[in-house]
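Undergrad: Attaching a single structure in structure tokens format; questions to follow.
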Amino acid sequence: MTRTSFDFDTCPERRATDSQKWQKYAGKDILPLWVADMDFQSPPAVMAAIRERAEHGVFGYARPVPSQIEAVVDMLFARYGWSVDPSWLVWLPGLVVGLNVTAQAVAEAGEEVLCLTPVYPPFMSAPKNSGRVSRPVPLVLDRAARRWEIDWEALEKAVTPKTKAFFLCNPHNPVARVFTRGELERIGEFCIRHQLTLCSDEIHADLVLESTLPHIPTGTLGEEVARRTITLLAPSKTYNVPGLGCALAIIPDAALRRRFVQTTAGIVAEVNVFGYVACEAAFRHGESWRQGVLTYLRGNRDFFIEYVAKYLPGVSIEAPIEATYLAWMNVKALGLKDPIGHFEGHGVGLSEGRFFGAEPGEYVRLNFGCPRSTLESALVRMRQGVEAR
Ligand SMILES: Cc1ncc(COP(=O)(O)O)c(C=O)c1O
């Protein structure tokens with residue numbers, strides 16, 4: 001087991017709770033390694049802050065207090081050297097909301113939004129939800145370099161007079177890449193040249209597993225890029241609080257921010273009191289826990305990669321998992337029509353690659369944000385699934 005001063009090996013029972021992840025297979029012996037939350041308890045400081053807020057006992061409509069705003073601004077400066085003016089923050093109940101609002105705020109019906117696929121499904125569905133058009137541009141796997149690359153030529157070709165925005169996911173879900181400064185600068189230049197709004201989903205920023213690959217916020221790439229950028233971030237993935245519904249859009253340009261906020265009017269719910277409290281506690285007091293969970297996740301990732309290579313012939317991890325607790329697995333060589341159904345039949349619940357833009361039967365995604373024992377049991381079951389094919 002990987003040693004940290006926090007116990008990630010032991011987790012509370014989530015069966016028969018409100019957990020989406022576990023409810024999906026209620027009453028079945030299927031280990032859920034699909035939706036992206038972790039089975040770990042949140043940092044003790046987050047739990048203590050929520051308890052203290054609960055004791056107050058009054059839960060009226062909330063607004064962030066100055067210390068909560070400062071916690072975000074201070075964290076972004078300390079961790080990324082990003083100087084953010086408090087007026088740039090727009091609090092949201094979630095990032096998917098942010099993607100949908102952005103599509104409506106910066107494009108008219110029939111206008112187009114670019115993204116790089118495979119990608120977290122709402123990148124493609126958010127524009128469509130309001131009659132905008134999603135234009136997916138496939139990432140290309142450089143097999144020799146074991147790296148997913150942006151196809152710059154295809155990206156240029158995908159631009160039409162109707163293209164209004166680029167939805168970037170960095171670090172990228174599901175291919176787990178941390179884009180380099182060079183790539184990000186080129187994306188910035190591309191967006192400036194084509195006058196696109198750059199919506200940068202950085203929800204996985206604090207989950208970079210490789211210390212040699214720094215996360216670079218798009219908002220730090222210079223004023224010209226920042227002016228057209230809407231950055232989406234949250235404490236939710238890192239500190240395992242997505243159920244508390246607290247996220248942020250950071251929009252330096254006042255006119256763009258006004259348009260974004262106008263679009264939220266009447267349709268976006270307020271952040272709840274516990275969301276604000278958890279966010280402040282996580283950003284102010286969660287760093288040692290975050291280091292602990294990163295150590296544990298690195299251990300899980302390494303164990304997972306080794307296991308797949310040794311015992312799951314026909315399953316391939318085509319590139320390093322640089323960030324996130326999500327693994328993108330090519331299962332095409334198994335020749336299964338329905339890999340999800342097949343592995344569910346062997347007791348493991350994975351995410352369907354098709355929803356991320358992959359071909360049917362080609363890819364599945366596995367969530368290793370769980371105790372090592374759960375991961376190990378799931379892999380043993382997958383091995384049986386591979387052997388039984
Ligand atoms: C890239 C990315 N963006 C957004 C989300 C979801 O964000 P939220 O729950 O805040 O809507 C996820 C969840 O997996 C994600 O991976």
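Residues in the structure tokens are numbered from 1 in each chain, the chains being A, B, ... in the order shown, and ligands are numbered from 1 in the order shown.
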10 Å from ligand 1 is the threshold here; counting only C-alpha atoms and all ligand atoms, which polymer residues fall inside it? Answer as a PyMOL selection string.

TA: chain A and resi 34-37+92-100+119-123+168-174+200-205+232-237+241-248+324-326

Undergrad: Write out, as an mmCIF file, in the first residue's frame, the residues just selected, with C-alpha atoms.

TA:
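Generated file (selection.cif):
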```cif
data_model
loop_
_atom_site.group_PDB
_atom_site.id
_atom_site.type_symbol
_atom_site.label_atom_id
_atom_site.label_comp_id
_atom_site.auth_asym_id
_atom_site.auth_seq_id
_atom_site.Cartn_x
_atom_site.Cartn_y
_atom_site.Cartn_z
ATOM 1 C CA TRP A 34 -17.342 5.018 -13.747
ATOM 2 C CA VAL A 35 -18.492 8.565 -12.815
ATOM 3 C CA ALA A 36 -15.650 10.858 -11.720
ATOM 4 C CA ASP A 37 -15.849 11.098 -7.977
ATOM 5 C CA LEU A 92 -21.560 28.667 -10.125
ATOM 6 C CA PRO A 93 -23.150 25.439 -8.903
ATOM 7 C CA GLY A 94 -21.049 23.412 -11.354
ATOM 8 C CA LEU A 95 -18.764 23.393 -14.361
ATOM 9 C CA VAL A 96 -21.237 21.770 -16.713
ATOM 10 C CA VAL A 97 -23.464 24.755 -16.008
ATOM 11 C CA GLY A 98 -20.481 26.922 -16.969
ATOM 12 C CA LEU A 99 -20.053 25.119 -20.313
ATOM 13 C CA ASN A 100 -23.751 25.504 -21.129
ATOM 14 C CA VAL A 119 -13.637 14.509 -24.391
ATOM 15 C CA TYR A 120 -15.902 14.675 -21.340
ATOM 16 C CA PRO A 121 -19.351 14.389 -23.014
ATOM 17 C CA PRO A 122 -20.834 17.779 -21.930
ATOM 18 C CA PHE A 123 -18.179 19.514 -24.064
ATOM 19 C CA LEU A 168 -10.507 23.339 -23.952
ATOM 20 C CA CYS A 169 -10.172 20.677 -21.269
ATOM 21 C CA ASN A 170 -6.821 20.973 -19.460
ATOM 22 C CA PRO A 171 -5.785 18.653 -17.928
ATOM 23 C CA HIS A 172 -7.711 16.619 -20.419
ATOM 24 C CA ASN A 173 -10.459 14.168 -19.491
ATOM 25 C CA PRO A 174 -10.234 11.355 -20.615
ATOM 26 C CA SER A 200 -10.821 26.590 -20.407
ATOM 27 C CA ASP A 201 -12.123 23.843 -18.129
ATOM 28 C CA GLU A 202 -9.395 23.373 -15.510
ATOM 29 C CA ILE A 203 -11.346 21.269 -13.023
ATOM 30 C CA HIS A 204 -8.510 18.683 -12.908
ATOM 31 C CA ALA A 205 -5.718 21.278 -12.535
ATOM 32 C CA LEU A 232 -13.847 27.133 -15.178
ATOM 33 C CA LEU A 233 -12.517 25.568 -11.992
ATOM 34 C CA ALA A 234 -13.681 24.077 -8.715
ATOM 35 C CA PRO A 235 -12.512 22.341 -5.558
ATOM 36 C CA SER A 236 -14.845 19.464 -6.466
ATOM 37 C CA LYS A 237 -12.611 16.860 -8.150
ATOM 38 C CA VAL A 241 -16.820 17.587 -2.903
ATOM 39 C CA PRO A 242 -18.748 17.578 -6.229
ATOM 40 C CA GLY A 243 -22.008 16.888 -4.363
ATOM 41 C CA LEU A 244 -21.676 20.292 -2.688
ATOM 42 C CA GLY A 245 -22.143 22.122 -5.993
ATOM 43 C CA CYS A 246 -19.530 24.871 -5.862
ATOM 44 C CA ALA A 247 -17.546 26.027 -8.891
ATOM 45 C CA LEU A 248 -16.201 29.215 -10.410
ATOM 46 C CA THR A 324 -6.655 13.008 -13.096
ATOM 47 C CA TYR A 325 -7.732 9.666 -11.610
ATOM 48 C CA LEU A 326 -9.190 8.544 -14.925
#
```

Undergrad: At a cut-off of 12 Å, using only C-alpha atoms, what residues contact Phe190 of chain A? Leave out same-chain residues fewer than 6 positions from it and give the result as a ChimeraX atom specification.

TA: /A:114,152-153,155-159,165-166,183-184,196-198,224-225,228

Undergrad: Please list as a PyMOL selection string every residue within 9 Å of Arg227 of chain A, counting only C-alpha atoms and excluding residues in the same chain fewer than 2 positions away.

TA: chain A and resi 197+219+222-225+229-230+251-254+256

Undergrad: Do you know which residues are at most 9 Å from Glu352 of chain A counting only C-alpha atoms, after dropping those on the same chain fewer than 6 positions away, and could you put them as a PyMOL selection string?

TA: chain A and resi 34+339-340+358+360-361+363-365

Undergrad: Generate a file of the selected residues that holds C-alpha atoms, formatted as an mmCIF file, in the first residue's frame.

TA:
```
data_model
loop_
_atom_site.group_PDB
_atom_site.id
_atom_site.type_symbol
_atom_site.label_atom_id
_atom_site.label_comp_id
_atom_site.auth_asym_id
_atom_site.auth_seq_id
_atom_site.Cartn_x
_atom_site.Cartn_y
_atom_site.Cartn_z
ATOM 1 C CA TRP A 34 -17.342 5.018 -13.747
ATOM 2 C CA PRO A 339 -17.306 -3.818 -23.665
ATOM 3 C CA ILE A 340 -19.318 -2.033 -20.953
ATOM 4 C CA ALA A 358 -14.791 7.167 -29.544
ATOM 5 C CA PRO A 360 -18.243 1.769 -30.566
ATOM 6 C CA GLY A 361 -16.297 -1.032 -28.857
ATOM 7 C CA TYR A 363 -12.448 2.586 -25.587
ATOM 8 C CA VAL A 364 -13.631 2.492 -21.984
ATOM 9 C CA ARG A 365 -12.679 4.766 -19.078
#
```

Undergrad: So, with only C-alpha atoms as the atoms that count, which of A:Glu13, A:Asp29, A:Glu52, A:Asp18 lies closest to Glu344 of chain A?

TA: A:Asp29

Undergrad: Looking at only C-alpha atoms, which of A:Gly369, A:Gly357, A:Gly314, A:Gly110 is the one that sits closest to Leu207 of chain A?

TA: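 Under the stated criterion, the closest residue is A:Gly369.
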
Undergrad: Among segment 95-163 of chain A, which residues carry a DSSP assignment of helix (DSSP H, G or I), reported as a ChimeraX atom specification?

TA: /A:95-106,122-129,152-158

Undergrad: Based on DSSP run over this structure's backbone, return all residues of segment 79-208 of chain A in strand (DSSP E), as a PyMOL selection string.

TA: chain A and resi 89-92+112-117+133-138+140-142+147-149+163-169+197-201

Undergrad: I need the residues from that last selection saved to file as a compact mmCIF listing (two decimals), in the first residue's frame (with C-alpha atoms), if you can.

TA:
```
# COMPACT_ATOMS: atom_id res chain seq x y z
CA LEU A 89 -15.03 35.60 -10.08
CA VAL A 90 -18.49 34.29 -10.97
CA TRP A 91 -19.64 31.57 -8.59
CA LEU A 92 -21.56 28.67 -10.13
CA GLU A 112 -20.25 26.63 -33.72
CA VAL A 113 -18.08 25.57 -30.79
CA LEU A 114 -14.83 23.60 -31.22
CA CYS A 115 -13.50 20.94 -28.87
CA LEU A 116 -10.84 18.21 -28.93
CA THR A 117 -12.13 14.65 -28.77
CA VAL A 133 -23.35 23.29 -33.04
CA SER A 134 -20.49 21.25 -31.58
CA ARG A 135 -17.47 20.77 -33.89
CA PRO A 136 -15.29 18.00 -32.46
CA VAL A 137 -11.70 17.84 -33.73
CA PRO A 138 -10.09 14.48 -32.89
CA VAL A 140 -4.28 12.19 -32.69
CA LEU A 141 -2.36 9.47 -30.89
CA ASP A 142 1.34 9.56 -31.73
CA ARG A 147 1.24 10.99 -26.66
CA TRP A 148 -2.11 12.45 -27.67
CA GLU A 149 -1.42 15.42 -29.93
CA THR A 163 -17.15 29.38 -35.19
CA LYS A 164 -17.39 31.39 -31.97
CA ALA A 165 -15.67 29.42 -29.23
CA PHE A 166 -13.10 26.78 -28.34
CA PHE A 167 -13.84 24.53 -25.36
CA LEU A 168 -10.51 23.34 -23.95
CA CYS A 169 -10.17 20.68 -21.27
CA THR A 197 -13.81 32.83 -26.90
CA LEU A 198 -11.57 30.32 -25.13
CA CYS A 199 -13.44 28.40 -22.46
CA SER A 200 -10.82 26.59 -20.41
CA ASP A 201 -12.12 23.84 -18.13
```

Undergrad: Set the distance at 6 Å and use only C-alpha atoms: which residues neighbour Leu312 of chain A once local chain neighbours fewer than 2 positions away are removed? I'd like the list as a ChimeraX atom specification.

TA: /A:308,315,383

Undergrad: Okay, now the selection with C-alpha atoms, as a compact mmCIF listing (two decimals), in the first residue's frame?

TA:
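Full text of again-v9.txt as output:
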```txt
# COMPACT_ATOMS: atom_id res chain seq x y z
CA VAL A 308 -3.01 -4.16 -17.29
CA VAL A 315 -6.29 -3.93 -23.27
CA ARG A 383 -8.90 -10.27 -15.93
```

Undergrad: Identify, on the basis of only C-alpha atoms, every residue whose closest approach to Asp39 of chain A does not exceed 10 Å; exclude the query and any residue fewer than 6 positions from it along the same chain; express the result as a PyMOL selection string.

TA: chain A and resi 8-14+19+21-22+33+240+368-371+374

Undergrad: Generate the output file for the selected residues, C-alpha atoms, as a short mmCIF file (atom, residue, chain, number, x, y, z; two decimals), in the first residue's frame.

TA:
```cif
data_model
loop_
_atom_site.label_atom_id
_atom_site.label_comp_id
_atom_site.auth_asym_id
_atom_site.auth_seq_id
_atom_site.Cartn_x
_atom_site.Cartn_y
_atom_site.Cartn_z
CA PHE A 8 -7.07 6.29 1.84
CA ASP A 9 -7.23 2.50 2.17
CA THR A 10 -10.30 2.66 4.38
CA CYS A 11 -13.42 4.38 3.07
CA PRO A 12 -16.96 4.69 4.41
CA GLU A 13 -19.54 2.34 2.90
CA ARG A 14 -21.26 4.12 -0.01
CA SER A 19 -24.03 8.18 -4.21
CA LYS A 21 -21.75 6.15 -8.56
CA TRP A 22 -22.90 3.31 -6.28
CA LEU A 33 -15.46 2.64 -11.49
CA ASN A 240 -13.97 15.15 -3.50
CA PHE A 368 -9.03 4.70 -10.03
CA GLY A 369 -10.03 7.19 -7.30
CA CYS A 370 -10.81 4.39 -4.87
CA PRO A 371 -9.05 2.26 -2.24
CA THR A 374 -11.31 -1.97 -4.67
#
```

Undergrad: Which residue out of A:His215, A:Ile150, A:Asp206, A:Gln384 has the minimum interatomic distance to Tyr311 of chain A when only C-alpha atoms are used?

TA: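 Using only C-alpha atoms, the shortest distance to Tyr311 of chain A belongs to A:Gln384.
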